[in-house]
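Data file: model_30.csv. Format and content: CSV, C-alpha atoms (C1' of nucleotides).
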chain,number,residue,atom,x,y,z
A,116,MET,CA,-21.1,-8.6,33.9
A,117,ALA,CA,-18.4,-9.3,31.2
A,118,THR,CA,-15.9,-12.0,32.1
A,119,THR,CA,-12.3,-12.2,30.9
A,120,ARG,CA,-13.4,-15.0,28.7
A,121,ASP,CA,-16.1,-12.9,27.1
A,122,ARG,CA,-13.6,-10.2,26.2
A,123,GLN,CA,-11.2,-12.7,24.7
A,124,LEU,CA,-13.9,-14.1,22.6
A,125,HIS,CA,-15.0,-10.7,21.5
A,126,ASP,CA,-11.4,-9.7,20.6
A,127,ARG,CA,-11.0,-12.9,18.6
A,128,GLN,CA,-14.1,-12.0,16.6
A,129,LEU,CA,-13.0,-8.5,16.0
A,130,VAL,CA,-9.6,-9.7,14.7
A,131,GLU,CA,-11.3,-12.2,12.4
A,132,GLN,CA,-13.6,-9.6,11.1
A,133,TRP,CA,-10.7,-7.3,10.4
A,134,ARG,CA,-8.7,-10.0,8.6
A,135,SER,CA,-11.6,-10.9,6.5
A,136,ILE,CA,-12.0,-7.2,5.5
A,137,GLN,CA,-8.3,-7.1,4.7
A,138,ASN,CA,-8.4,-10.2,2.6
A,139,SER,CA,-11.4,-9.1,0.6
A,140,TYR,CA,-9.9,-5.7,0.1
A,141,PHE,CA,-6.6,-7.0,-1.1
A,142,ARG,CA,-8.1,-9.7,-3.2
A,143,THR,CA,-10.4,-7.3,-5.0
A,144,ALA,CA,-7.8,-4.5,-5.4
A,145,GLY,CA,-5.2,-7.0,-6.6
A,146,ALA,CA,-7.5,-8.6,-9.2
A,147,ILE,CA,-8.5,-5.2,-10.6
A,148,ASP,CA,-5.0,-3.9,-10.6
A,149,ARG,CA,-3.6,-6.9,-12.4
A,150,ALA,CA,-6.3,-6.9,-15.0
A,151,LEU,CA,-6.1,-3.2,-15.7
A,152,GLU,CA,-2.3,-3.4,-15.9
A,153,ALA,CA,-2.5,-6.3,-18.3
A,154,LYS,CA,-5.1,-5.0,-20.6
A,155,PHE,CA,-4.7,-1.2,-20.4
A,156,ASP,CA,-1.3,-0.7,-19.0
A,157,ILE,CA,-2.5,1.5,-16.1
A,158,GLY,CA,-2.7,0.7,-12.4
A,159,LEU,CA,-5.7,0.8,-10.1
A,160,ASN,CA,-4.8,4.2,-8.5
A,161,GLU,CA,-4.4,5.7,-11.9
A,162,PHE,CA,-7.7,4.3,-13.1
A,163,GLU,CA,-9.4,5.6,-10.0
A,164,ILE,CA,-8.1,9.1,-10.6
A,165,LEU,CA,-9.1,8.8,-14.3
A,166,ASP,CA,-12.5,7.7,-13.1
A,167,LEU,CA,-13.0,10.7,-10.8
A,168,VAL,CA,-11.9,13.1,-13.6
A,169,ALA,CA,-14.4,11.4,-15.9
A,170,GLU,CA,-17.1,11.8,-13.3
A,171,SER,CA,-16.7,15.5,-12.9
A,172,GLU,CA,-16.3,16.0,-16.6
A,173,GLU,CA,-19.0,18.7,-16.7
A,174,SER,CA,-17.8,20.8,-13.8
A,175,ALA,CA,-14.0,20.9,-14.6
A,176,CYS,CA,-12.0,19.2,-11.9
A,177,ARG,CA,-9.5,20.7,-9.6
A,178,MET,CA,-6.7,18.6,-8.1
A,179,LYS,CA,-7.9,19.7,-4.7
A,180,ALA,CA,-11.3,18.1,-5.3
A,181,LEU,CA,-9.6,14.8,-6.2
A,182,GLY,CA,-7.7,14.7,-3.0
A,183,GLU,CA,-11.0,14.9,-1.1
A,184,ARG,CA,-12.4,12.0,-2.9
A,185,THR,CA,-9.7,9.4,-2.5
A,186,PRO,CA,-7.8,8.1,0.5
A,187,MET,CA,-4.6,9.0,-1.4
A,188,THR,CA,-2.3,11.7,-0.1
A,189,GLN,CA,-2.0,15.0,-1.9
A,190,SER,CA,1.4,14.2,-3.1
A,191,ALA,CA,0.4,10.7,-4.3
A,192,VAL,CA,-2.4,12.3,-6.3
A,193,SER,CA,0.1,14.7,-7.8
A,194,LYS,CA,2.3,11.9,-8.9
A,195,VAL,CA,-0.5,9.7,-10.2
A,196,VAL,CA,-1.6,12.7,-12.3
A,197,ASP,CA,2.0,13.1,-13.5
A,198,ARG,CA,1.9,9.5,-14.8
A,199,LEU,CA,-1.5,10.0,-16.4
A,200,GLU,CA,-0.3,13.1,-18.1
A,201,LYS,CA,2.9,11.5,-19.3
A,202,ALA,CA,0.7,8.7,-20.7
A,203,GLY,CA,-1.3,11.3,-22.6
A,204,LEU,CA,-4.6,10.5,-20.8
A,205,VAL,CA,-5.3,13.8,-19.0
A,206,SER,CA,-4.0,17.3,-19.3
A,207,ARG,CA,-3.5,19.9,-16.6
A,208,GLN,CA,-5.1,23.3,-17.4
A,209,THR,CA,-4.0,26.3,-15.5
A,210,CYS,CA,-6.9,28.1,-14.0
A,211,VAL,CA,-7.3,31.9,-14.5
A,212,ASP,CA,-9.4,32.6,-11.5
A,213,ASP,CA,-6.9,31.2,-9.0
A,214,ARG,CA,-3.5,30.5,-10.4
A,215,ARG,CA,-2.6,28.1,-7.7
A,216,SER,CA,-5.3,25.7,-8.8
A,217,LEU,CA,-5.3,23.4,-11.8
A,218,PHE,CA,-8.1,21.9,-13.8
A,219,LEU,CA,-7.8,18.4,-15.2
A,220,GLU,CA,-9.3,17.3,-18.4
A,221,LEU,CA,-9.4,13.9,-20.1
A,222,THR,CA,-7.7,13.8,-23.5
A,223,GLU,CA,-9.5,12.0,-26.3
A,224,GLU,CA,-7.2,9.1,-25.7
A,225,GLY,CA,-8.0,9.2,-22.0
A,226,ARG,CA,-11.7,9.3,-22.6
A,227,ALA,CA,-11.5,6.3,-24.8
A,228,LEU,CA,-9.3,4.3,-22.5
A,229,HIS,CA,-11.5,5.1,-19.5
A,230,ALA,CA,-14.6,3.9,-21.3
A,231,ASN,CA,-13.1,0.5,-21.9
A,232,ALA,CA,-11.3,0.2,-18.6
A,233,ALA,CA,-14.5,1.1,-16.7
A,234,VAL,CA,-16.3,-1.8,-18.2
A,235,GLU,CA,-13.6,-4.2,-16.9
A,236,HIS,CA,-13.4,-2.3,-13.6
A,237,ARG,CA,-17.2,-2.6,-12.9
A,238,ALA,CA,-17.2,-6.3,-14.0
A,239,LEU,CA,-14.4,-7.1,-11.5
A,240,LEU,CA,-16.1,-5.2,-8.7
A,241,LYS,CA,-19.3,-7.1,-9.4
A,242,GLU,CA,-17.5,-10.4,-9.4
A,243,ASN,CA,-15.5,-9.6,-6.2
A,244,LEU,CA,-18.0,-7.7,-4.1
A,245,GLY,CA,-20.8,-10.1,-4.9
A,246,SER,CA,-24.3,-8.7,-5.7
B,287,MET,CA,-35.4,-6.9,-19.1
B,288,ALA,CA,-32.5,-4.7,-18.0
B,289,THR,CA,-32.3,-1.3,-19.6
B,290,THR,CA,-29.1,0.7,-20.1
B,291,ARG,CA,-30.3,3.0,-17.4
B,292,ASP,CA,-30.5,0.0,-15.0
B,293,ARG,CA,-27.0,-1.0,-15.7
B,294,GLN,CA,-25.6,2.5,-15.2
B,295,LEU,CA,-27.4,2.7,-11.8
B,296,HIS,CA,-26.1,-0.6,-10.8
B,297,ASP,CA,-22.5,0.3,-11.8
B,298,ARG,CA,-22.8,3.5,-9.8
B,299,GLN,CA,-23.8,1.6,-6.7
B,300,LEU,CA,-21.0,-0.9,-7.1
B,301,VAL,CA,-18.5,1.9,-7.4
B,302,GLU,CA,-19.9,3.6,-4.3
B,303,GLN,CA,-19.8,0.4,-2.4
B,304,TRP,CA,-16.2,0.0,-3.4
B,305,ARG,CA,-15.2,3.5,-2.4
B,306,SER,CA,-16.9,3.1,0.9
B,307,ILE,CA,-14.9,-0.1,1.5
B,308,GLN,CA,-11.7,1.6,0.6
B,309,ASN,CA,-12.4,4.5,2.8
B,310,SER,CA,-13.1,2.4,5.8
B,311,TYR,CA,-10.2,0.2,5.2
B,312,PHE,CA,-7.8,3.1,4.9
B,313,ARG,CA,-9.3,5.0,7.8
B,314,THR,CA,-9.0,2.0,10.1
B,315,ALA,CA,-5.6,0.8,9.0
B,316,GLY,CA,-4.3,4.3,9.1
B,317,ALA,CA,-5.5,5.0,12.6
B,318,ILE,CA,-4.1,1.7,13.9
B,319,ASP,CA,-0.8,2.2,12.1
B,320,ARG,CA,-0.3,5.7,13.5
B,321,ALA,CA,-1.2,4.7,17.0
B,322,LEU,CA,1.1,1.7,17.1
B,323,GLU,CA,3.9,3.7,15.5
B,324,ALA,CA,3.5,6.5,18.1
B,325,LYS,CA,3.1,4.3,21.2
B,326,PHE,CA,5.2,1.2,20.4
B,327,ASP,CA,7.3,2.3,17.5
B,328,ILE,CA,6.1,-0.5,15.2
B,329,GLY,CA,4.0,-0.4,12.1
B,330,LEU,CA,0.7,-2.2,11.4
B,331,ASN,CA,2.2,-4.9,9.2
B,332,GLU,CA,4.9,-5.6,11.8
B,333,PHE,CA,2.2,-5.8,14.5
B,334,GLU,CA,0.2,-8.2,12.4
B,335,ILE,CA,3.1,-10.6,11.9
B,336,LEU,CA,3.9,-10.3,15.6
B,337,ASP,CA,0.2,-11.1,16.3
B,338,LEU,CA,0.3,-14.2,14.1
B,339,VAL,CA,3.5,-15.4,15.7
B,340,ALA,CA,1.9,-14.9,19.1
B,341,GLU,CA,-1.1,-16.9,18.1
B,342,SER,CA,0.8,-19.9,17.0
B,343,GLU,CA,3.0,-19.8,20.0
B,344,GLU,CA,2.2,-23.4,20.9
B,345,SER,CA,2.9,-24.9,17.5
B,346,ALA,CA,6.1,-23.1,16.6
B,347,CYS,CA,5.6,-21.0,13.5
B,348,ARG,CA,7.2,-21.3,10.1
B,349,MET,CA,7.6,-18.4,7.8
B,350,LYS,CA,5.6,-20.3,5.2
B,351,ALA,CA,2.6,-20.5,7.5
B,352,LEU,CA,2.7,-16.7,7.9
B,353,GLY,CA,2.6,-16.1,4.2
B,354,GLU,CA,-0.6,-18.1,4.0
B,355,ARG,CA,-2.3,-16.0,6.7
B,356,THR,CA,-1.7,-12.5,5.4
B,357,PRO,CA,-2.2,-10.8,2.1
B,358,MET,CA,1.5,-9.8,2.2
B,359,THR,CA,3.9,-11.2,-0.3
B,360,GLN,CA,6.5,-13.7,0.7
B,361,SER,CA,9.2,-11.1,0.2
B,362,ALA,CA,7.3,-8.5,2.3
B,363,VAL,CA,6.9,-11.0,5.1
B,364,SER,CA,10.6,-11.8,5.0
B,365,LYS,CA,11.4,-8.1,5.3
B,366,VAL,CA,8.9,-7.5,8.1
B,367,VAL,CA,10.5,-10.3,10.0
B,368,ASP,CA,13.9,-8.7,9.4
B,369,ARG,CA,12.7,-5.6,11.1
B,370,LEU,CA,11.1,-7.4,13.9
B,371,GLU,CA,14.3,-9.3,14.4
B,372,LYS,CA,16.4,-6.2,14.3
B,373,ALA,CA,14.1,-4.7,16.9
B,374,GLY,CA,14.7,-7.7,19.1
B,375,LEU,CA,11.0,-8.8,19.1
B,376,VAL,CA,11.3,-12.2,17.4
B,377,SER,CA,14.1,-14.6,16.7
B,378,ARG,CA,14.5,-16.9,13.8
B,379,GLN,CA,15.3,-20.5,14.8
B,380,THR,CA,16.7,-22.8,12.2
B,381,CYS,CA,14.8,-26.0,11.9
B,382,VAL,CA,16.6,-29.3,12.1
B,383,ASP,CA,14.1,-31.4,10.3
B,384,ASP,CA,14.1,-29.2,7.2
B,385,ARG,CA,16.8,-26.7,7.0
B,386,ARG,CA,15.0,-24.7,4.4
B,387,SER,CA,12.4,-23.8,7.0
B,388,LEU,CA,12.6,-21.4,9.9
B,389,PHE,CA,10.7,-21.2,13.1
B,390,LEU,CA,9.9,-17.9,14.6
B,391,GLU,CA,9.7,-17.2,18.3
B,392,LEU,CA,8.8,-14.2,20.3
B,393,THR,CA,11.5,-12.9,22.5
B,394,GLU,CA,10.6,-11.8,26.0
B,395,GLU,CA,10.6,-8.3,24.8
B,396,GLY,CA,8.4,-9.2,21.9
B,397,ARG,CA,5.9,-11.0,24.1
B,398,ALA,CA,5.7,-8.0,26.4
B,399,LEU,CA,5.3,-5.5,23.5
B,400,HIS,CA,2.7,-7.7,21.9
B,401,ALA,CA,0.6,-7.9,25.0
B,402,ASN,CA,0.4,-4.1,25.3
B,403,ALA,CA,0.1,-3.4,21.6
B,404,ALA,CA,-2.7,-5.9,21.2
B,405,VAL,CA,-4.8,-4.0,23.7
B,406,GLU,CA,-4.5,-0.9,21.6
B,407,HIS,CA,-5.0,-2.8,18.4
B,408,ARG,CA,-8.3,-4.4,19.6
B,409,ALA,CA,-9.5,-1.1,21.0
B,410,LEU,CA,-9.0,0.7,17.7
B,411,LEU,CA,-10.6,-2.2,15.7
B,412,LYS,CA,-13.6,-2.0,18.0
B,413,GLU,CA,-13.8,1.8,17.6
B,414,ASN,CA,-13.4,1.7,13.8
B,415,LEU,CA,-15.3,-1.5,12.9
B,416,GLY,CA,-18.2,-0.6,15.2
B,417,SER,CA,-19.7,-3.4,17.4
C,200,DA,C1',25.1,-41.8,-6.7
C,201,DC,C1',23.8,-38.2,-10.2
C,202,DA,C1',21.0,-35.1,-12.6
C,203,DC,C1',17.1,-32.4,-12.1
C,204,DA,C1',12.7,-30.5,-10.5
C,205,DT,C1',10.8,-28.4,-6.4
C,206,DC,C1',10.6,-26.0,-2.1
C,207,DA,C1',11.6,-22.3,1.7
C,208,DT,C1',13.6,-18.2,2.3
C,209,DA,C1',16.6,-14.2,1.2
C,210,DT,C1',18.0,-10.6,-1.8
C,211,DT,C1',18.2,-7.3,-5.7
C,212,DC,C1',16.1,-3.9,-8.4
C,213,DC,C1',12.4,-1.0,-9.4
C,214,DT,C1',8.1,1.4,-8.4
C,215,DT,C1',5.1,3.7,-5.6
C,216,DG,C1',3.8,6.0,-1.5
C,217,DT,C1',4.5,9.3,2.5
C,218,DC,C1',6.5,13.2,5.0
C,219,DA,C1',8.4,17.4,5.0
C,220,DT,C1',9.5,21.2,2.6
C,221,DT,C1',9.2,24.6,-1.1
C,222,DG,C1',7.3,28.0,-4.3
C,223,DA,C1',4.0,30.6,-5.9
C,224,DA,C1',-0.6,32.8,-5.4
C,225,DT,C1',-4.1,34.5,-2.6
C,226,DG,C1',-6.5,36.5,1.4
C,227,DA,C1',-6.9,39.3,5.7
C,228,DC,C1',-6.1,43.2,8.0
C,229,DG,C1',-3.8,47.2,10.1
D,132,DC,C1',-0.2,49.2,0.0
D,133,DG,C1',2.8,45.9,3.3
D,134,DT,C1',3.1,42.2,6.1
D,135,DC,C1',1.9,37.7,7.6
D,136,DA,C1',-0.8,33.6,7.4
D,137,DT,C1',-2.9,30.4,4.4
D,138,DT,C1',-3.8,27.7,0.4
D,139,DC,C1',-2.6,24.7,-3.8
D,140,DA,C1',0.4,22.0,-6.0
D,141,DA,C1',5.2,20.0,-6.9
D,142,DT,C1',9.4,18.0,-5.4
D,143,DG,C1',13.2,15.4,-2.9
D,144,DA,C1',14.6,12.2,0.4
D,145,DC,C1',13.4,8.2,2.1
D,146,DA,C1',10.8,3.7,3.5
D,147,DA,C1',8.2,-0.1,2.1
D,148,DG,C1',6.3,-3.4,-1.1
D,149,DG,C1',6.3,-6.4,-5.4
D,150,DA,C1',8.4,-9.3,-9.1
D,151,DA,C1',11.9,-11.7,-10.5
D,152,DT,C1',15.8,-14.1,-9.2
D,153,DA,C1',19.4,-16.2,-6.3
D,154,DT,C1',20.7,-19.6,-2.8
D,155,DG,C1',20.6,-23.5,-0.5
D,156,DA,C1',18.0,-27.8,1.0
D,157,DT,C1',15.0,-31.8,-0.3
D,158,DG,C1',12.9,-35.1,-3.0
D,159,DT,C1',12.6,-38.0,-7.2
D,160,DG,C1',13.7,-41.0,-10.9
D,161,DT,C1',17.0,-43.7,-13.0
Mind converting the file's structure to structure tokens?
Amino acid sequence: MATTRDRQLHDRQLVEQWRSIQNSYFRTAGAIDRALEAKFDIGLNEFEILDLVAESEESACRMKALGERTPMTQSAVSKVVDRLEKAGLVSRQTCVDDRRSLFLELTEEGRALHANAAVEHRALLKENLGS
Amino acid sequence: MATTRDRQLHDRQLVEQWRSIQNSYFRTAGAIDRALEAKFDIGLNEFEILDLVAESEESACRMKALGERTPMTQSAVSKVVDRLEKAGLVSRQTCVDDRRSLFLELTEEGRALHANAAVEHRALLKENLGS
DNA sequence: ACACATCATATTCCTTGTCATTGAATGACG
DNA sequence: CGTCATTCAATGACAAGGAATATGATGTGT
């Protein structure tokens, strides 16, 4: 039977596990964000959207699909795409089949930046996630 | 010797590992945040500061010390404490030895709220972190 | 005692995110 | 068709965080 003391110990461990997750998450995200900002002038969220668009390059990428692949809100995604578009890295293409939807495409500049930034991104992941 | 193909595979795994960390971090943090907000009207960051203050109850807690225990910025901590103070949950005590420093104390109300909120917090951690 | 670097915290300004709402397009069905 | 609900995306109002800076207190060297 579990004593009060057991529960307190267990709680303590849970909290420590959680803090350790938080720390490694923030450490990693922060390091990547700063590096990308410094070298490519784009933030982590922007890179991640760029990365998703690059991934689905073959199958033309709807905004909707992006929303399902990141923890970001729909409106956050919309704004990130705004910035990427203003920076000339992606373009929104209206879709004839369903005119509510949009397709996203990398511009040449976007493709080039992504290629370079991805190298940095993977390197920092490797460094921070160990393995 | 590592082929190009090997590197691509490895990168893919890294990225997937990272996305999985992100998802579980956001899922957990989001769940806790919403629950605390709904039941106790305080956000996750506020609870975490409250939790740290409660922990160091014996040894009176300087702002500085808080900053070292969370991934939050110094200015973020300062603002979170503002809100906690406005909500009547903690109080800032000026420190006679070094008048740059502050000590934080839970008010009665803060101690009570923390006790209840902590139960919810641990339960959600358990649920989300598994174990 | 004075000038100056350093430290703990607060504050300002800007960016980004969320929530709620909107607008437009589509689908479902009598 | 005509209505009504639903879907996709954008927007505006607002809250929260970060960087840089301000403010005030301490320490240090001379």
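Residues surrounding Gln189 of chain A within 9 Å are Met178, Lys179, Leu181, Gly182, Ser193 and Lys194 of chain A; DA140 of chain D [only C-alpha atoms (C1' of nucleotides); sequence separation below 4 positions excluded].
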Both chains have the same sequence, so superpose chain A on chain B over all Cα atoms paired in order and return it as a short mmCIF file (atom, residue, chain, number, x, y, z; two decimals) with C-alpha atoms, in the frame of the given file.
data_model
loop_
_atom_site.label_atom_id
_atom_site.label_comp_id
_atom_site.auth_asym_id
_atom_site.auth_seq_id
_atom_site.Cartn_x
_atom_site.Cartn_y
_atom_site.Cartn_z
CA MET A 116 -35.34 -6.87 -19.24
CA ALA A 117 -32.43 -4.63 -17.99
CA THR A 118 -32.26 -1.19 -19.57
CA THR A 119 -29.11 0.86 -20.12
CA ARG A 120 -30.29 3.03 -17.32
CA ASP A 121 -30.57 0.10 -14.96
CA ARG A 122 -26.99 -0.92 -15.64
CA GLN A 123 -25.71 2.59 -15.08
CA LEU A 124 -27.46 2.76 -11.83
CA HIS A 125 -26.15 -0.59 -10.79
CA ASP A 126 -22.56 0.39 -11.75
CA ARG A 127 -22.89 3.60 -9.76
CA GLN A 128 -23.87 1.57 -6.71
CA LEU A 129 -21.09 -0.86 -7.12
CA VAL A 130 -18.53 1.98 -7.36
CA GLU A 131 -19.96 3.61 -4.24
CA GLN A 132 -19.85 0.40 -2.39
CA TRP A 133 -16.25 -0.11 -3.37
CA ARG A 134 -15.23 3.42 -2.35
CA SER A 135 -16.89 3.06 0.94
CA ILE A 136 -14.95 -0.22 1.53
CA GLN A 137 -11.77 1.58 0.55
CA ASN A 138 -12.38 4.47 2.84
CA SER A 139 -13.19 2.32 5.82
CA TYR A 140 -10.20 0.15 5.15
CA PHE A 141 -7.81 3.02 4.88
CA ARG A 142 -9.28 4.89 7.76
CA THR A 143 -9.03 1.92 10.08
CA ALA A 144 -5.56 0.80 8.90
CA GLY A 145 -4.26 4.37 9.11
CA ALA A 146 -5.58 4.96 12.64
CA ILE A 147 -4.06 1.70 13.90
CA ASP A 148 -0.81 2.26 12.15
CA ARG A 149 -0.38 5.76 13.49
CA ALA A 150 -1.23 4.78 17.00
CA LEU A 151 1.02 1.75 17.06
CA GLU A 152 3.86 3.78 15.54
CA ALA A 153 3.41 6.49 18.12
CA LYS A 154 3.13 4.39 21.16
CA PHE A 155 5.16 1.27 20.32
CA ASP A 156 7.32 2.30 17.48
CA ILE A 157 6.16 -0.54 15.19
CA GLY A 158 3.95 -0.40 12.11
CA LEU A 159 0.70 -2.21 11.43
CA ASN A 160 2.29 -4.92 9.18
CA GLU A 161 4.85 -5.61 11.81
CA PHE A 162 2.25 -5.84 14.54
CA GLU A 163 0.19 -8.17 12.40
CA ILE A 164 3.12 -10.51 11.90
CA LEU A 165 3.91 -10.28 15.66
CA ASP A 166 0.28 -11.11 16.28
CA LEU A 167 0.31 -14.23 14.09
CA VAL A 168 3.56 -15.44 15.76
CA ALA A 169 1.91 -14.89 19.14
CA GLU A 170 -1.10 -16.86 18.01
CA SER A 171 0.80 -19.93 17.01
CA GLU A 172 3.02 -19.71 20.03
CA GLU A 173 2.34 -23.35 21.00
CA SER A 174 2.93 -24.94 17.63
CA ALA A 175 6.19 -23.10 16.60
CA CYS A 176 5.65 -20.99 13.53
CA ARG A 177 7.20 -21.37 10.18
CA MET A 178 7.61 -18.38 7.85
CA LYS A 179 5.69 -20.33 5.25
CA ALA A 180 2.65 -20.51 7.53
CA LEU A 181 2.74 -16.71 7.97
CA GLY A 182 2.67 -16.10 4.30
CA GLU A 183 -0.57 -18.10 4.09
CA ARG A 184 -2.20 -16.04 6.68
CA THR A 185 -1.61 -12.53 5.44
CA PRO A 186 -2.17 -10.85 2.10
CA MET A 187 1.52 -9.86 2.21
CA THR A 188 3.96 -11.25 -0.32
CA GLN A 189 6.59 -13.75 0.71
CA SER A 190 9.30 -11.27 0.33
CA ALA A 191 7.41 -8.57 2.29
CA VAL A 192 6.99 -11.06 5.12
CA SER A 193 10.70 -11.75 5.01
CA LYS A 194 11.50 -8.13 5.34
CA VAL A 195 8.93 -7.41 8.03
CA VAL A 196 10.50 -10.29 10.00
CA ASP A 197 13.94 -8.75 9.38
CA ARG A 198 12.72 -5.52 11.03
CA LEU A 199 11.14 -7.39 13.92
CA GLU A 200 14.30 -9.30 14.48
CA LYS A 201 16.48 -6.22 14.30
CA ALA A 202 14.11 -4.68 16.88
CA GLY A 203 14.73 -7.67 19.14
CA LEU A 204 11.05 -8.78 19.14
CA VAL A 205 11.30 -12.21 17.45
CA SER A 206 14.09 -14.58 16.68
CA ARG A 207 14.49 -16.92 13.74
CA GLN A 208 15.29 -20.54 14.74
CA THR A 209 16.70 -22.85 12.18
CA CYS A 210 14.71 -25.99 11.94
CA VAL A 211 16.46 -29.42 12.08
CA ASP A 212 13.86 -31.41 10.30
CA ASP A 213 13.93 -29.29 7.14
CA ARG A 214 16.78 -26.87 6.92
CA ARG A 215 15.07 -24.69 4.44
CA SER A 216 12.39 -23.78 6.93
CA LEU A 217 12.65 -21.41 9.87
CA PHE A 218 10.73 -21.22 13.10
CA LEU A 219 9.91 -17.87 14.64
CA GLU A 220 9.71 -17.24 18.29
CA LEU A 221 8.77 -14.14 20.26
CA THR A 222 11.54 -12.81 22.51
CA GLU A 223 10.59 -11.78 26.02
CA GLU A 224 10.65 -8.23 24.82
CA GLY A 225 8.42 -9.15 21.90
CA ARG A 226 5.97 -10.95 24.10
CA ALA A 227 5.67 -7.98 26.33
CA LEU A 228 5.31 -5.47 23.56
CA HIS A 229 2.69 -7.59 21.80
CA ALA A 230 0.60 -7.82 24.95
CA ASN A 231 0.36 -4.08 25.23
CA ALA A 232 0.07 -3.35 21.54
CA ALA A 233 -2.76 -5.91 21.20
CA VAL A 234 -4.82 -4.08 23.71
CA GLU A 235 -4.54 -0.85 21.64
CA HIS A 236 -4.98 -2.81 18.40
CA ARG A 237 -8.29 -4.47 19.54
CA ALA A 238 -9.57 -1.12 20.98
CA LEU A 239 -8.99 0.62 17.61
CA LEU A 240 -10.62 -2.20 15.66
CA LYS A 241 -13.62 -2.01 17.97
CA GLU A 242 -13.85 1.73 17.58
CA ASN A 243 -13.42 1.60 13.74
CA LEU A 244 -15.34 -1.51 12.78
CA GLY A 245 -18.23 -0.68 15.06
CA SER A 246 -19.82 -3.48 17.17
#
**Prompt:** What's the 12 Å shell around DC213 of chain C, counting only C-alpha atoms (C1' of nucleotides), without same-chain residues fewer than 5 positions away, as a PyMOL selection string?
**Reply:** chain D and resi 148-151
**Item:** Shell of 12 Å around segment 340-342 of chain B, all atoms listed in the file, local chain residues under 3 positions omitted, as an MDAnalysis selection string
**Value:** (chainID A and resid 127 130) or (chainID B and resid 333:337 345:349 351:352 355 375:376 389:394 396:401 403:404)
Would you mind listing, for every residue of chain B within 12 Å of chain D, the two atoms forming the shortest contact and the distance between them in Å to one decimal, using only C-alpha atoms (C1' of nucleotides), sorted by chain and ascending residue number, as CSV?
residue,atom,partner,partner_atom,distance
B:Gly329,CA,D:DA147,C1',10.9
B:Asn331,CA,D:DA147,C1',10.5
B:Glu332,CA,D:DA147,C1',11.6
B:Pro357,CA,D:DG148,C1',11.7
B:Met358,CA,D:DG148,C1',8.7
B:Thr359,CA,D:DG149,C1',7.4
B:Gln360,CA,D:DG149,C1',9.5
B:Ser361,CA,D:DG149,C1',7.9
B:Ala362,CA,D:DG148,C1',6.2
B:Val363,CA,D:DG148,C1',9.8
B:Ser364,CA,D:DG148,C1',11.2
B:Lys365,CA,D:DA147,C1',9.2
B:Val366,CA,D:DA147,C1',9.6
B:Arg369,CA,D:DA147,C1',11.5
B:Cys381,CA,D:DA156,C1',11.5
B:Val382,CA,D:DA156,C1',11.3
B:Asp383,CA,D:DT157,C1',10.6
B:Asp384,CA,D:DA156,C1',7.5
B:Arg385,CA,D:DA156,C1',6.2
B:Arg386,CA,D:DA156,C1',5.5
B:Ser387,CA,D:DA156,C1',9.1
Keeping C-alpha atoms, export the residues of the selection given above as a JSON list (two decimals), keeping the file's coordinate frame.
[["chain", "number", "residue", "atom", "x", "y", "z"],
["B", 329, "GLY", "CA", 4.00, -0.40, 12.10],
["B", 331, "ASN", "CA", 2.20, -4.90, 9.20],
["B", 332, "GLU", "CA", 4.90, -5.60, 11.80],
["B", 357, "PRO", "CA", -2.20, -10.80, 2.10],
["B", 358, "MET", "CA", 1.50, -9.80, 2.20],
["B", 359, "THR", "CA", 3.90, -11.20, -0.30],
["B", 360, "GLN", "CA", 6.50, -13.70, 0.70],
["B", 361, "SER", "CA", 9.20, -11.10, 0.20],
["B", 362, "ALA", "CA", 7.30, -8.50, 2.30],
["B", 363, "VAL", "CA", 6.90, -11.00, 5.10],
["B", 364, "SER", "CA", 10.60, -11.80, 5.00],
["B", 365, "LYS", "CA", 11.40, -8.10, 5.30],
["B", 366, "VAL", "CA", 8.90, -7.50, 8.10],
["B", 369, "ARG", "CA", 12.70, -5.60, 11.10],
["B", 381, "CYS", "CA", 14.80, -26.00, 11.90],
["B", 382, "VAL", "CA", 16.60, -29.30, 12.10],
["B", 383, "ASP", "CA", 14.10, -31.40, 10.30],
["B", 384, "ASP", "CA", 14.10, -29.20, 7.20],
["B", 385, "ARG", "CA", 16.80, -26.70, 7.00],
["B", 386, "ARG", "CA", 15.00, -24.70, 4.40],
["B", 387, "SER", "CA", 12.40, -23.80, 7.00]]
Interface list for chain B, partner chain A, 7 Å threshold, only C-alpha atoms, as a PDB file with C-alpha atoms, in the frame of the given file:
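Output (selection.pdb):
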ATOM      1  CA  ASP B 297     -22.500   0.300 -11.800  1.00  0.00           C
ATOM      2  CA  LEU B 300     -21.000  -0.900  -7.100  1.00  0.00           C
ATOM      3  CA  ASN B 309     -12.400   4.500   2.800  1.00  0.00           C
ATOM      4  CA  PHE B 312      -7.800   3.100   4.900  1.00  0.00           C
ATOM      5  CA  PRO B 357      -2.200 -10.800   2.100  1.00  0.00           C
ATOM      6  CA  ARG B 408      -8.300  -4.400  19.600  1.00  0.00           C
ATOM      7  CA  LEU B 411     -10.600  -2.200  15.700  1.00  0.00           C
ATOM      8  CA  LYS B 412     -13.600  -2.000  18.000  1.00  0.00           C
TER       9      LYS B 412
END
